[in-house]
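Let me begin by presenting the structure, written as structure tokens, before commenting on it.
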Number of protein chains: 2
Amino acid sequence: MTVLILTGEEDVTADMVVVHLNASSVPVVRLDPADLTAGATLSGEYAHGSFDAQLSCGGRLVSLSGLRAVWVRRPGVPASRAAQPSSWLTEEAAQALYGMLGGSGARWMNHPDAARRARVKPWQLRLAQRSGLPVPATLITTVPQAAREFAARFPDLVVKPVSGAHPQEPPRAVPTTRVAPDADFDAVAYGPTLLQRRVDKRADIRLTAVGGTLLAARKEIPADADPDEVDVRFASSRTPWRAAEVPPGVEAAVRAYLRAAELAYGAFDFAEDSEGTWWFLECNQSGQFGFIEVETGQPIARTIAAWLARPGAPVAGS
Amino acid sequence: MTVLILTGEEDVTADMVVVHLNASSVPVVRLDPADLTAGATLSGEYAHGSFDAQLSCGGRLVSLSGLRAVWVRRPGVPASRAAQPSSWLTEEAAQALYGMLGGSGARWMNHPDAARRARVKPWQLRLAQRSGLPVPATLITTVPQAAREFAARFPDLVVKPVSGAHPQEPPRAVPTTRVAPDADFDAVAYGPTLLQRRVDKRADIRLTAVGGTLLAARKEIPADADPDEVDVRFASSRTPWRAAEVPPGVEAAVRAYLRAAELAYGAFDFAEDSEGTWWFLECNQSGQFGFIEVETGQPIARTIAAWLARPGAPVAGS
């Protein structure tokens with residue numbers, strides 16, 4: 001039973017996991033969907049009520065019925081390295097690849113449908129609430145008056161994009177930013193704006209969930225830190241990430257979130273306030289983990305490898 | 001409790017359903033997501049573990065918690081009629097709208113996640129097999145030799161796109177076409193190709209599923225029909241659509257398909273062979289029904305209106 005990894009050629013994070021899979025003698029096939037029709041081939045047959053398909057890449061041939069798990073890491077755009085790429089060919093190749101893989105019965109980390117849904121922040125916030133995670137008061141609006149009233153009730157706000165990275169080439173992360181007290185909200189009418197009560201945090205928390213294993217890391221905020229540095233991705237980094245215990249209430253809520261979202265992997269970001277409460281900020285279903293593993297020594301790559309290698313019944317959604 | 005219809009301004013099929021909703025005095029709000037930030041506004045607040053949002057359009061204000069159902073008909077591209085449209089604004093508006101609607105608890109026809117998955121034909125074929133529907137032998141391949149061997153076993157083939165309509169402006173339907181006996185399959189290497197055993201059909205079947213109601217229509221093939229006219233959408237139309245009984249085995253299988261696909265609406269196309277077997281060709285989750293209703297007199301619009309108007313608990317996936 002083979003593990004299929006969908007990713008580009010240069011992916012050191014995938015390499016970290018492959019090392020562990022190799023050590024366990026688990027067969028691994030690595031495919032970049034960009035190579036379809038130019039290096040990689042795919043062929044599937046439906047007949048007499050059954051289905052089987054073969055994938056070949058890098059000189060390896062694998063039957064889809066022989067896949068135990070598919071790890072969707074950083075796959076390229078399907079068929080984008082074809083001799084004559086086009087949006088039509090990409091769509092045909094994407095549906096052929098993911099449509100046939102979806103019929104394979106393999107377990108997914110993460111299933112593309114679950115991944116797509118899990119990226120939507122307004123949906124994340126509601127699911128976090130329903131799962132029992134504390135969510136800072138948040139407004140998503142195109143109505144300037146609603147923004148003004150919200151700012152009157154919650155004077156200390158941050159603003160962040162609804163949808164994440166800006167889709168320029170290359171995509172650009174938009175930092176979460178503090179809202180000035182005298183902010184003019186008129187421009188809210190021109191695009192949905194996400195305003196959130198700023199958590200006066202004493203630490204950033206990254207909780208990496210791999211199947212049933214939860215690995216939390218904590219990065220303390222120095223006492224003299226600039227309160228305008230609200231986004232950990234862009235803050236000056238003087239304190240290290242350190243492994244942390246997951247409070248029992250958070251553990252149950254995170255498990256409920258993952259179950260409802262049908263995610264096998266999730267990187268949760270929390271802000272820890274002065275009373276020790278972990279406030280949910282977001283869950284990135286493809287969040288990087290290499291920097292956490294390096295700083296904390298937590299065995300994230302090995303845990304992912306063990307999840308991928310585990311024989312087992314297909315999960316819901318596969 | 002209001003029914004929200006997401007569609008463009010000119011949609012006579014939606015009008016047919018609205019007539020029935022109006023007759024039942026069910027409040028209806030019609031929104032084209034293209035109008036967001038230019039005519040339509042949206043505002044949602046997450047606080048103290050709960051969520052509520054308001055949508056305004058056409059002078060109407062509706063609370064998302066007051067929605068009983070959302071009908072996704074022919075929605076425009078979000079914010080595409082904004083003063084300064086951009087792909088970034090579209091993404092922000094799409095996530096704000098669909099992300100917040102997804103947290104509303106309303107029933108969906110169809111949920112966007114289920115709809116997206118249900119469009120993928122390789123996935124449809126596998127689900128049809130698993131649901132117990134007969135599927136004509138099908139090959140999806142980028143391997144010329146696989147195509148040649150399949151054609152040797154099934155000499156009478158049709159070819160069709162994997163992904164449906166070609167994405168030109170306006171999108172163009174690609175007809176299903178018969179494969180000539182001496183076809184050269186070399187070009188299969190340049191893009192995934194879907195080959196399917198041609199069903200020697202005596203009738204086309206369109207089965208429209210609305211919730212638990214299945215309405216089948218049958219269009220007989222004239223004895224002197226051109227056997228190269230395999231695609232009912234492009235064939236000359238000398239015989240009318242007539243209401244037909246759904247065979248019990250098909251009924252159970254179609255219900256299993258809809259349940260697994262989490263679809264409230266589906267338009268199934270079958271080919272009926274000379275022995276009366278209905279062969280599954282596809283299930284279009286947004287298939288048109290106006291022409292069937294007009295020719296057969298089947299109350300499809302009224303059934304949709306009744307489904308949308310029904311009070312009831314949220315379904316899975318909402």
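Going through the structure tokens in order, the chains are called A, B, and so on, while each chain numbers its residues from 1 and the ligands are numbered from 1 in the order shown.
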
| field | Selection: 8 Å around Val28 (chain B), only C-alpha atoms, excl. self and same-chain fewer than 6 positions, as a ChimeraX atom specification | value | /B:2-5,18,21-22

| query | chain A residues within 7 Å of chain B, counting only C-alpha atoms: which ones, as number ranges by chain? | reply | A: 37, 41-47, 49-50, 88-89, 91-93, 95-96, 99-100, 102-103, 120, 122-123, 126, 129, 137-143, 162-163, 166-167, 189-192

Restricting it to C-alpha atoms, dump the selection as an mmCIF file, in the first residue's frame.
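So the final result, stored in part02.cif, reads:
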```
data_model
loop_
_atom_site.group_PDB
_atom_site.id
_atom_site.type_symbol
_atom_site.label_atom_id
_atom_site.label_comp_id
_atom_site.auth_asym_id
_atom_site.auth_seq_id
_atom_site.Cartn_x
_atom_site.Cartn_y
_atom_site.Cartn_z
ATOM 1 C CA THR A 37 0.399 14.920 -19.752
ATOM 2 C CA THR A 41 0.058 9.742 -16.967
ATOM 3 C CA LEU A 42 -3.286 8.693 -15.609
ATOM 4 C CA SER A 43 -5.724 6.039 -16.783
ATOM 5 C CA GLY A 44 -8.885 4.782 -15.097
ATOM 6 C CA GLU A 45 -11.556 2.328 -16.185
ATOM 7 C CA TYR A 46 -15.126 1.942 -14.974
ATOM 8 C CA ALA A 47 -16.627 -1.393 -16.027
ATOM 9 C CA GLY A 49 -19.714 -1.913 -11.539
ATOM 10 C CA SER A 50 -16.095 -1.554 -10.485
ATOM 11 C CA TRP A 88 -9.364 24.069 -20.377
ATOM 12 C CA LEU A 89 -6.588 21.466 -20.121
ATOM 13 C CA GLU A 91 -9.777 21.853 -15.757
ATOM 14 C CA GLU A 92 -9.844 18.519 -17.637
ATOM 15 C CA ALA A 93 -6.710 17.286 -15.863
ATOM 16 C CA GLN A 95 -11.223 16.730 -12.737
ATOM 17 C CA ALA A 96 -9.603 13.549 -14.089
ATOM 18 C CA GLY A 99 -12.201 12.890 -9.522
ATOM 19 C CA MET A 100 -10.502 9.520 -9.917
ATOM 20 C CA GLY A 102 -11.799 10.631 -4.950
ATOM 21 C CA GLY A 103 -13.065 7.217 -6.026
ATOM 22 C CA VAL A 120 -13.301 30.217 4.334
ATOM 23 C CA PRO A 122 -16.441 33.389 8.042
ATOM 24 C CA TRP A 123 -17.204 29.659 8.083
ATOM 25 C CA ARG A 126 -18.874 30.067 13.125
ATOM 26 C CA GLN A 129 -18.032 29.098 18.084
ATOM 27 C CA ALA A 137 -15.989 39.615 18.747
ATOM 28 C CA THR A 138 -15.834 39.934 14.954
ATOM 29 C CA LEU A 139 -17.721 41.933 12.351
ATOM 30 C CA ILE A 140 -17.656 41.233 8.617
ATOM 31 C CA THR A 141 -19.432 44.005 6.811
ATOM 32 C CA THR A 142 -19.943 46.210 3.781
ATOM 33 C CA VAL A 143 -22.017 48.666 5.853
ATOM 34 C CA VAL A 162 -11.769 38.053 4.786
ATOM 35 C CA SER A 163 -10.107 35.663 2.350
ATOM 36 C CA HIS A 166 -3.932 38.720 -1.877
ATOM 37 C CA PRO A 167 -3.942 36.885 -5.228
ATOM 38 C CA ALA A 189 -18.848 50.057 1.497
ATOM 39 C CA TYR A 190 -16.416 49.154 -1.300
ATOM 40 C CA GLY A 191 -15.464 45.708 -0.035
ATOM 41 C CA PRO A 192 -16.280 43.357 2.827
#
```

| field | Backbone-only DSSP, strand (DSSP E) members of region 52-89 of chain A, as a ChimeraX atom specification | value | /A:52-57,60-63,67-72

For the residues in the current selection, export N, CA, C and O atoms as a PDB file, in the first residue's frame.
```
ATOM      1  N   ASP A  52     -10.971   0.830 -11.498  1.00  0.00           N
ATOM      2  CA  ASP A  52      -9.565   0.886 -11.102  1.00  0.00           C
ATOM      3  C   ASP A  52      -8.815   1.831 -12.022  1.00  0.00           C
ATOM      4  O   ASP A  52      -9.209   2.058 -13.164  1.00  0.00           O
ATOM      5  N   ALA A  53      -7.753   2.406 -11.497  1.00  0.00           N
ATOM      6  CA  ALA A  53      -6.984   3.381 -12.257  1.00  0.00           C
ATOM      7  C   ALA A  53      -5.517   3.255 -11.896  1.00  0.00           C
ATOM      8  O   ALA A  53      -5.176   2.773 -10.820  1.00  0.00           O
ATOM      9  N   GLN A  54      -4.682   3.669 -12.831  1.00  0.00           N
ATOM     10  CA  GLN A  54      -3.236   3.665 -12.622  1.00  0.00           C
ATOM     11  C   GLN A  54      -2.682   5.062 -12.873  1.00  0.00           C
ATOM     12  O   GLN A  54      -3.123   5.748 -13.801  1.00  0.00           O
ATOM     13  N   LEU A  55      -1.688   5.376 -12.059  1.00  0.00           N
ATOM     14  CA  LEU A  55      -1.005   6.652 -12.160  1.00  0.00           C
ATOM     15  C   LEU A  55       0.453   6.316 -12.395  1.00  0.00           C
ATOM     16  O   LEU A  55       0.998   5.429 -11.741  1.00  0.00           O
ATOM     17  N   SER A  56       1.097   6.985 -13.362  1.00  0.00           N
ATOM     18  CA  SER A  56       2.532   6.757 -13.502  1.00  0.00           C
ATOM     19  C   SER A  56       3.259   8.083 -13.462  1.00  0.00           C
ATOM     20  O   SER A  56       2.810   9.082 -14.043  1.00  0.00           O
ATOM     21  N   CYS A  57       4.364   8.104 -12.725  1.00  0.00           N
ATOM     22  CA  CYS A  57       5.194   9.306 -12.678  1.00  0.00           C
ATOM     23  C   CYS A  57       6.573   8.930 -12.175  1.00  0.00           C
ATOM     24  O   CYS A  57       6.711   8.026 -11.352  1.00  0.00           O
ATOM     25  N   ARG A  60       7.493   5.320 -11.958  1.00  0.00           N
ATOM     26  CA  ARG A  60       6.746   4.456 -11.059  1.00  0.00           C
ATOM     27  C   ARG A  60       5.314   4.332 -11.545  1.00  0.00           C
ATOM     28  O   ARG A  60       4.728   5.306 -12.024  1.00  0.00           O
ATOM     29  N   LEU A  61       4.735   3.131 -11.413  1.00  0.00           N
ATOM     30  CA  LEU A  61       3.329   2.913 -11.759  1.00  0.00           C
ATOM     31  C   LEU A  61       2.613   2.491 -10.500  1.00  0.00           C
ATOM     32  O   LEU A  61       3.054   1.575  -9.800  1.00  0.00           O
ATOM     33  N   VAL A  62       1.518   3.178 -10.180  1.00  0.00           N
ATOM     34  CA  VAL A  62       0.797   2.821  -8.957  1.00  0.00           C
ATOM     35  C   VAL A  62      -0.687   2.700  -9.266  1.00  0.00           C
ATOM     36  O   VAL A  62      -1.244   3.486 -10.037  1.00  0.00           O
ATOM     37  N   SER A  63      -1.305   1.661  -8.692  1.00  0.00           N
ATOM     38  CA  SER A  63      -2.744   1.489  -8.852  1.00  0.00           C
ATOM     39  C   SER A  63      -3.452   2.301  -7.782  1.00  0.00           C
ATOM     40  O   SER A  63      -3.052   2.272  -6.608  1.00  0.00           O
ATOM     41  N   LEU A  67      -3.530   2.564  -3.061  1.00  0.00           N
ATOM     42  CA  LEU A  67      -3.129   3.740  -2.273  1.00  0.00           C
ATOM     43  C   LEU A  67      -3.691   3.631  -0.868  1.00  0.00           C
ATOM     44  O   LEU A  67      -4.875   3.365  -0.685  1.00  0.00           O
ATOM     45  N   ARG A  68      -2.847   3.880   0.133  1.00  0.00           N
ATOM     46  CA  ARG A  68      -3.413   3.904   1.481  1.00  0.00           C
ATOM     47  C   ARG A  68      -3.766   5.318   1.891  1.00  0.00           C
ATOM     48  O   ARG A  68      -4.694   5.523   2.657  1.00  0.00           O
ATOM     49  N   ALA A  69      -3.037   6.295   1.387  1.00  0.00           N
ATOM     50  CA  ALA A  69      -3.328   7.684   1.774  1.00  0.00           C
ATOM     51  C   ALA A  69      -2.798   8.637   0.700  1.00  0.00           C
ATOM     52  O   ALA A  69      -1.839   8.327  -0.009  1.00  0.00           O
ATOM     53  N   VAL A  70      -3.445   9.765   0.597  1.00  0.00           N
ATOM     54  CA  VAL A  70      -3.001  10.847  -0.285  1.00  0.00           C
ATOM     55  C   VAL A  70      -2.728  12.065   0.588  1.00  0.00           C
ATOM     56  O   VAL A  70      -3.581  12.486   1.366  1.00  0.00           O
ATOM     57  N   TRP A  71      -1.524  12.607   0.477  1.00  0.00           N
ATOM     58  CA  TRP A  71      -1.171  13.823   1.217  1.00  0.00           C
ATOM     59  C   TRP A  71      -1.116  14.978   0.229  1.00  0.00           C
ATOM     60  O   TRP A  71      -0.261  15.005  -0.667  1.00  0.00           O
ATOM     61  N   VAL A  72      -2.042  15.915   0.390  1.00  0.00           N
ATOM     62  CA  VAL A  72      -2.105  17.084  -0.493  1.00  0.00           C
ATOM     63  C   VAL A  72      -1.242  18.165   0.146  1.00  0.00           C
ATOM     64  O   VAL A  72      -1.673  18.851   1.071  1.00  0.00           O
TER      65      VAL A  72
END
```

| DSSP-assigned helix (DSSP H, G or I) among region 44-114 of chain B, expressed as a PyMOL selection string | chain B and resi 64-66+87-101+112-114

Got time to write the residues from that selection, N, CA and C atoms, as a PDB file, in the first residue's frame?
```pdb
ATOM      1  N   LEU B  64     -30.080  36.573   8.322  1.00  0.00           N
ATOM      2  CA  LEU B  64     -29.706  35.215   7.905  1.00  0.00           C
ATOM      3  C   LEU B  64     -30.328  34.161   8.813  1.00  0.00           C
ATOM      4  N   SER B  65     -30.575  34.526  10.075  1.00  0.00           N
ATOM      5  CA  SER B  65     -31.201  33.543  10.961  1.00  0.00           C
ATOM      6  C   SER B  65     -32.675  33.364  10.623  1.00  0.00           C
ATOM      7  N   GLY B  66     -33.210  34.263   9.795  1.00  0.00           N
ATOM      8  CA  GLY B  66     -34.598  34.146   9.374  1.00  0.00           C
ATOM      9  C   GLY B  66     -34.761  33.491   8.009  1.00  0.00           C
ATOM     10  N   SER B  87     -10.385  40.518  -9.049  1.00  0.00           N
ATOM     11  CA  SER B  87     -10.460  39.133  -8.589  1.00  0.00           C
ATOM     12  C   SER B  87     -10.346  39.078  -7.061  1.00  0.00           C
ATOM     13  N   TRP B  88      -9.613  40.023  -6.489  1.00  0.00           N
ATOM     14  CA  TRP B  88      -9.470  40.100  -5.035  1.00  0.00           C
ATOM     15  C   TRP B  88     -10.813  40.445  -4.376  1.00  0.00           C
ATOM     16  N   LEU B  89     -11.500  41.453  -4.930  1.00  0.00           N
ATOM     17  CA  LEU B  89     -12.804  41.847  -4.379  1.00  0.00           C
ATOM     18  C   LEU B  89     -13.804  40.687  -4.524  1.00  0.00           C
ATOM     19  N   THR B  90     -13.751  39.999  -5.663  1.00  0.00           N
ATOM     20  CA  THR B  90     -14.645  38.860  -5.878  1.00  0.00           C
ATOM     21  C   THR B  90     -14.402  37.783  -4.830  1.00  0.00           C
ATOM     22  N   GLU B  91     -13.130  37.492  -4.544  1.00  0.00           N
ATOM     23  CA  GLU B  91     -12.810  36.470  -3.554  1.00  0.00           C
ATOM     24  C   GLU B  91     -13.276  36.897  -2.162  1.00  0.00           C
ATOM     25  N   GLU B  92     -13.026  38.153  -1.827  1.00  0.00           N
ATOM     26  CA  GLU B  92     -13.459  38.660  -0.516  1.00  0.00           C
ATOM     27  C   GLU B  92     -14.979  38.587  -0.386  1.00  0.00           C
ATOM     28  N   ALA B  93     -15.680  39.002  -1.445  1.00  0.00           N
ATOM     29  CA  ALA B  93     -17.149  39.034  -1.395  1.00  0.00           C
ATOM     30  C   ALA B  93     -17.725  37.617  -1.390  1.00  0.00           C
ATOM     31  N   ALA B  94     -17.098  36.709  -2.164  1.00  0.00           N
ATOM     32  CA  ALA B  94     -17.577  35.324  -2.216  1.00  0.00           C
ATOM     33  C   ALA B  94     -17.446  34.671  -0.852  1.00  0.00           C
ATOM     34  N   GLN B  95     -16.289  34.869  -0.217  1.00  0.00           N
ATOM     35  CA  GLN B  95     -16.089  34.219   1.074  1.00  0.00           C
ATOM     36  C   GLN B  95     -17.000  34.828   2.132  1.00  0.00           C
ATOM     37  N   ALA B  96     -17.176  36.151   2.065  1.00  0.00           N
ATOM     38  CA  ALA B  96     -18.068  36.799   3.031  1.00  0.00           C
ATOM     39  C   ALA B  96     -19.498  36.280   2.852  1.00  0.00           C
ATOM     40  N   LEU B  97     -19.977  36.238   1.607  1.00  0.00           N
ATOM     41  CA  LEU B  97     -21.368  35.843   1.351  1.00  0.00           C
ATOM     42  C   LEU B  97     -21.592  34.364   1.655  1.00  0.00           C
ATOM     43  N   TYR B  98     -20.839  33.504   0.976  1.00  0.00           N
ATOM     44  CA  TYR B  98     -21.103  32.074   1.122  1.00  0.00           C
ATOM     45  C   TYR B  98     -20.648  31.571   2.490  1.00  0.00           C
ATOM     46  N   GLY B  99     -19.579  32.169   3.028  1.00  0.00           N
ATOM     47  CA  GLY B  99     -19.122  31.776   4.358  1.00  0.00           C
ATOM     48  C   GLY B  99     -20.157  32.107   5.426  1.00  0.00           C
ATOM     49  N   MET B 100     -20.759  33.278   5.311  1.00  0.00           N
ATOM     50  CA  MET B 100     -21.764  33.656   6.323  1.00  0.00           C
ATOM     51  C   MET B 100     -23.065  32.888   6.088  1.00  0.00           C
ATOM     52  N   LEU B 101     -23.473  32.737   4.837  1.00  0.00           N
ATOM     53  CA  LEU B 101     -24.685  31.945   4.565  1.00  0.00           C
ATOM     54  C   LEU B 101     -24.515  30.515   5.080  1.00  0.00           C
ATOM     55  N   PRO B 112     -23.255  24.913  -1.968  1.00  0.00           N
ATOM     56  CA  PRO B 112     -22.157  25.132  -2.922  1.00  0.00           C
ATOM     57  C   PRO B 112     -21.054  24.077  -2.852  1.00  0.00           C
ATOM     58  N   ASP B 113     -20.746  23.582  -1.658  1.00  0.00           N
ATOM     59  CA  ASP B 113     -19.708  22.544  -1.560  1.00  0.00           C
ATOM     60  C   ASP B 113     -20.162  21.258  -2.234  1.00  0.00           C
ATOM     61  N   ALA B 114     -21.397  20.852  -1.972  1.00  0.00           N
ATOM     62  CA  ALA B 114     -21.933  19.640  -2.598  1.00  0.00           C
ATOM     63  C   ALA B 114     -22.023  19.835  -4.111  1.00  0.00           C
TER      64      ALA B 114
END
```

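In this model, the gap between CA of Pro240 (chain B) and CA of Glu293 (chain B) comes to 11.7 Å.
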
| field | Interatomic distance, CA of Leu263 (chain B) to CA of Ala209 (chain B) (Å, one decimal) | value |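 One can read the CA of Leu263 (chain B) to CA of Ala209 (chain B) distance as 9.2 Å.
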
Spatial neighbours of Thr296 (chain B), 9 Å, only C-alpha atoms, chain gap at least 3 places, as an mmCIF file with C-alpha atoms, in the first residue's frame:
```cif
data_model
loop_
_atom_site.group_PDB
_atom_site.id
_atom_site.type_symbol
_atom_site.label_atom_id
_atom_site.label_comp_id
_atom_site.auth_asym_id
_atom_site.auth_seq_id
_atom_site.Cartn_x
_atom_site.Cartn_y
_atom_site.Cartn_z
ATOM 1 C CA ALA B 217 -39.389 12.098 -18.594
ATOM 2 C CA PRO B 240 -41.612 15.037 -27.459
ATOM 3 C CA TRP B 241 -40.637 14.520 -23.837
ATOM 4 C CA ARG B 242 -43.324 12.466 -22.068
ATOM 5 C CA ALA B 243 -43.695 11.705 -18.367
ATOM 6 C CA PHE B 291 -38.274 22.574 -21.128
ATOM 7 C CA ILE B 292 -39.278 19.319 -19.402
ATOM 8 C CA GLU B 293 -42.013 21.035 -17.403
ATOM 9 C CA PRO B 299 -44.989 20.186 -11.713
#
```

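Here CA of Arg30 (chain B) and CA of Leu6 (chain B) stand 6.0 Å from one another.
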
| message | What's around Arg148 (chain B) at 10 Å? Count only C-alpha atoms, leave out sequence neighbours fewer than 3 positions away in its own chain, and write the answer as a ChimeraX atom specification. | response | /B:143-145,151-155,183-186

| request: Pick out the residues sitting within 7 Å of Val17 (chain A), and hand them over as a PyMOL selection string; count only C-alpha atoms, and ignore anything fewer than 2 positions along from it in its own chain. | output: chain A and resi 13-15+19-21+301-302+304-305

Could the residues in this selection be saved with all heavy atoms as an mmCIF file, in the first residue's frame?
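To be explicit, this is the file written out as out.cif:
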```
data_model
loop_
_atom_site.group_PDB
_atom_site.id
_atom_site.type_symbol
_atom_site.label_atom_id
_atom_site.label_comp_id
_atom_site.auth_asym_id
_atom_site.auth_seq_id
_atom_site.Cartn_x
_atom_site.Cartn_y
_atom_site.Cartn_z
ATOM 1 N N THR A 13 9.582 20.552 3.390
ATOM 2 C CA THR A 13 8.682 20.057 4.431
ATOM 3 C C THR A 13 8.213 18.652 4.075
ATOM 4 O O THR A 13 8.160 17.765 4.938
ATOM 5 C CB THR A 13 7.493 21.018 4.588
ATOM 6 O OG1 THR A 13 8.001 22.329 4.805
ATOM 7 C CG2 THR A 13 6.629 20.629 5.751
ATOM 8 N N ALA A 14 7.881 18.435 2.785
ATOM 9 C CA ALA A 14 7.510 17.087 2.354
ATOM 10 C C ALA A 14 8.697 16.141 2.550
ATOM 11 O O ALA A 14 8.524 15.000 3.005
ATOM 12 C CB ALA A 14 7.066 17.104 0.894
ATOM 13 N N ASP A 15 9.906 16.624 2.247
ATOM 14 C CA ASP A 15 11.105 15.786 2.420
ATOM 15 C C ASP A 15 11.225 15.282 3.854
ATOM 16 O O ASP A 15 11.617 14.143 4.100
ATOM 17 C CB ASP A 15 12.377 16.579 2.062
ATOM 18 C CG ASP A 15 12.407 16.998 0.593
ATOM 19 O OD1 ASP A 15 11.650 16.395 -0.201
ATOM 20 O OD2 ASP A 15 13.171 17.918 0.259
ATOM 21 N N VAL A 19 11.358 11.196 4.731
ATOM 22 C CA VAL A 19 12.434 10.532 5.478
ATOM 23 C C VAL A 19 11.854 9.485 6.433
ATOM 24 O O VAL A 19 12.321 8.354 6.508
ATOM 25 C CB VAL A 19 13.261 11.582 6.272
ATOM 26 C CG1 VAL A 19 14.141 10.913 7.320
ATOM 27 C CG2 VAL A 19 14.107 12.419 5.315
ATOM 28 N N HIS A 20 10.794 9.876 7.146
ATOM 29 C CA HIS A 20 10.179 8.956 8.111
ATOM 30 C C HIS A 20 9.461 7.806 7.407
ATOM 31 O O HIS A 20 9.485 6.673 7.882
ATOM 32 C CB HIS A 20 9.213 9.709 9.019
ATOM 33 C CG HIS A 20 9.889 10.676 9.938
ATOM 34 N ND1 HIS A 20 10.630 10.269 11.019
ATOM 35 C CD2 HIS A 20 9.963 12.028 9.913
ATOM 36 C CE1 HIS A 20 11.118 11.334 11.644
ATOM 37 N NE2 HIS A 20 10.728 12.418 10.990
ATOM 38 N N LEU A 21 8.797 8.107 6.276
ATOM 39 C CA LEU A 21 8.109 7.039 5.540
ATOM 40 C C LEU A 21 9.135 6.030 5.009
ATOM 41 O O LEU A 21 8.920 4.819 5.083
ATOM 42 C CB LEU A 21 7.280 7.625 4.386
ATOM 43 C CG LEU A 21 6.031 8.407 4.829
ATOM 44 C CD1 LEU A 21 5.445 9.191 3.655
ATOM 45 C CD2 LEU A 21 4.970 7.473 5.403
ATOM 46 N N ALA A 301 6.546 16.005 11.778
ATOM 47 C CA ALA A 301 6.743 15.251 10.530
ATOM 48 C C ALA A 301 6.553 13.758 10.771
ATOM 49 O O ALA A 301 5.915 13.063 9.972
ATOM 50 C CB ALA A 301 8.128 15.536 9.958
ATOM 51 N N ARG A 302 7.091 13.265 11.882
ATOM 52 C CA ARG A 302 6.968 11.829 12.169
ATOM 53 C C ARG A 302 5.516 11.452 12.424
ATOM 54 O O ARG A 302 5.066 10.375 12.031
ATOM 55 C CB ARG A 302 7.822 11.488 13.404
ATOM 56 C CG ARG A 302 8.157 10.022 13.518
ATOM 57 C CD ARG A 302 9.083 9.754 14.698
ATOM 58 N NE ARG A 302 8.387 9.945 15.959
ATOM 59 C CZ ARG A 302 8.976 10.301 17.097
ATOM 60 N NH1 ARG A 302 10.284 10.535 17.132
ATOM 61 N NH2 ARG A 302 8.274 10.442 18.202
ATOM 62 N N ILE A 304 2.889 12.967 11.130
ATOM 63 C CA ILE A 304 2.224 12.960 9.813
ATOM 64 C C ILE A 304 2.552 11.670 9.078
ATOM 65 O O ILE A 304 1.663 11.013 8.510
ATOM 66 C CB ILE A 304 2.656 14.194 8.989
ATOM 67 C CG1 ILE A 304 2.094 15.471 9.623
ATOM 68 C CG2 ILE A 304 2.200 14.064 7.531
ATOM 69 C CD1 ILE A 304 2.567 16.751 8.957
ATOM 70 N N ALA A 305 3.822 11.289 9.082
ATOM 71 C CA ALA A 305 4.228 10.054 8.400
ATOM 72 C C ALA A 305 3.478 8.858 8.977
ATOM 73 O O ALA A 305 2.991 7.994 8.236
ATOM 74 C CB ALA A 305 5.740 9.854 8.530
#
```

| message | Measuring between only C-alpha atoms, which one of B:Pro75, B:Leu214, B:Ser24, B:Ser80 shows the shortest distance to Gly39 (chain B)? | response |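 The shortest atom-to-atom distance to Gly39 (chain B) comes from B:Ser80.
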
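Comparing the minimum interatomic distances between Gly212 (chain B) and each of B:Ser25, B:Ser86, B:Asn110, B:Thr303, counting only C-alpha atoms, we find that B:Thr303 sits nearest.
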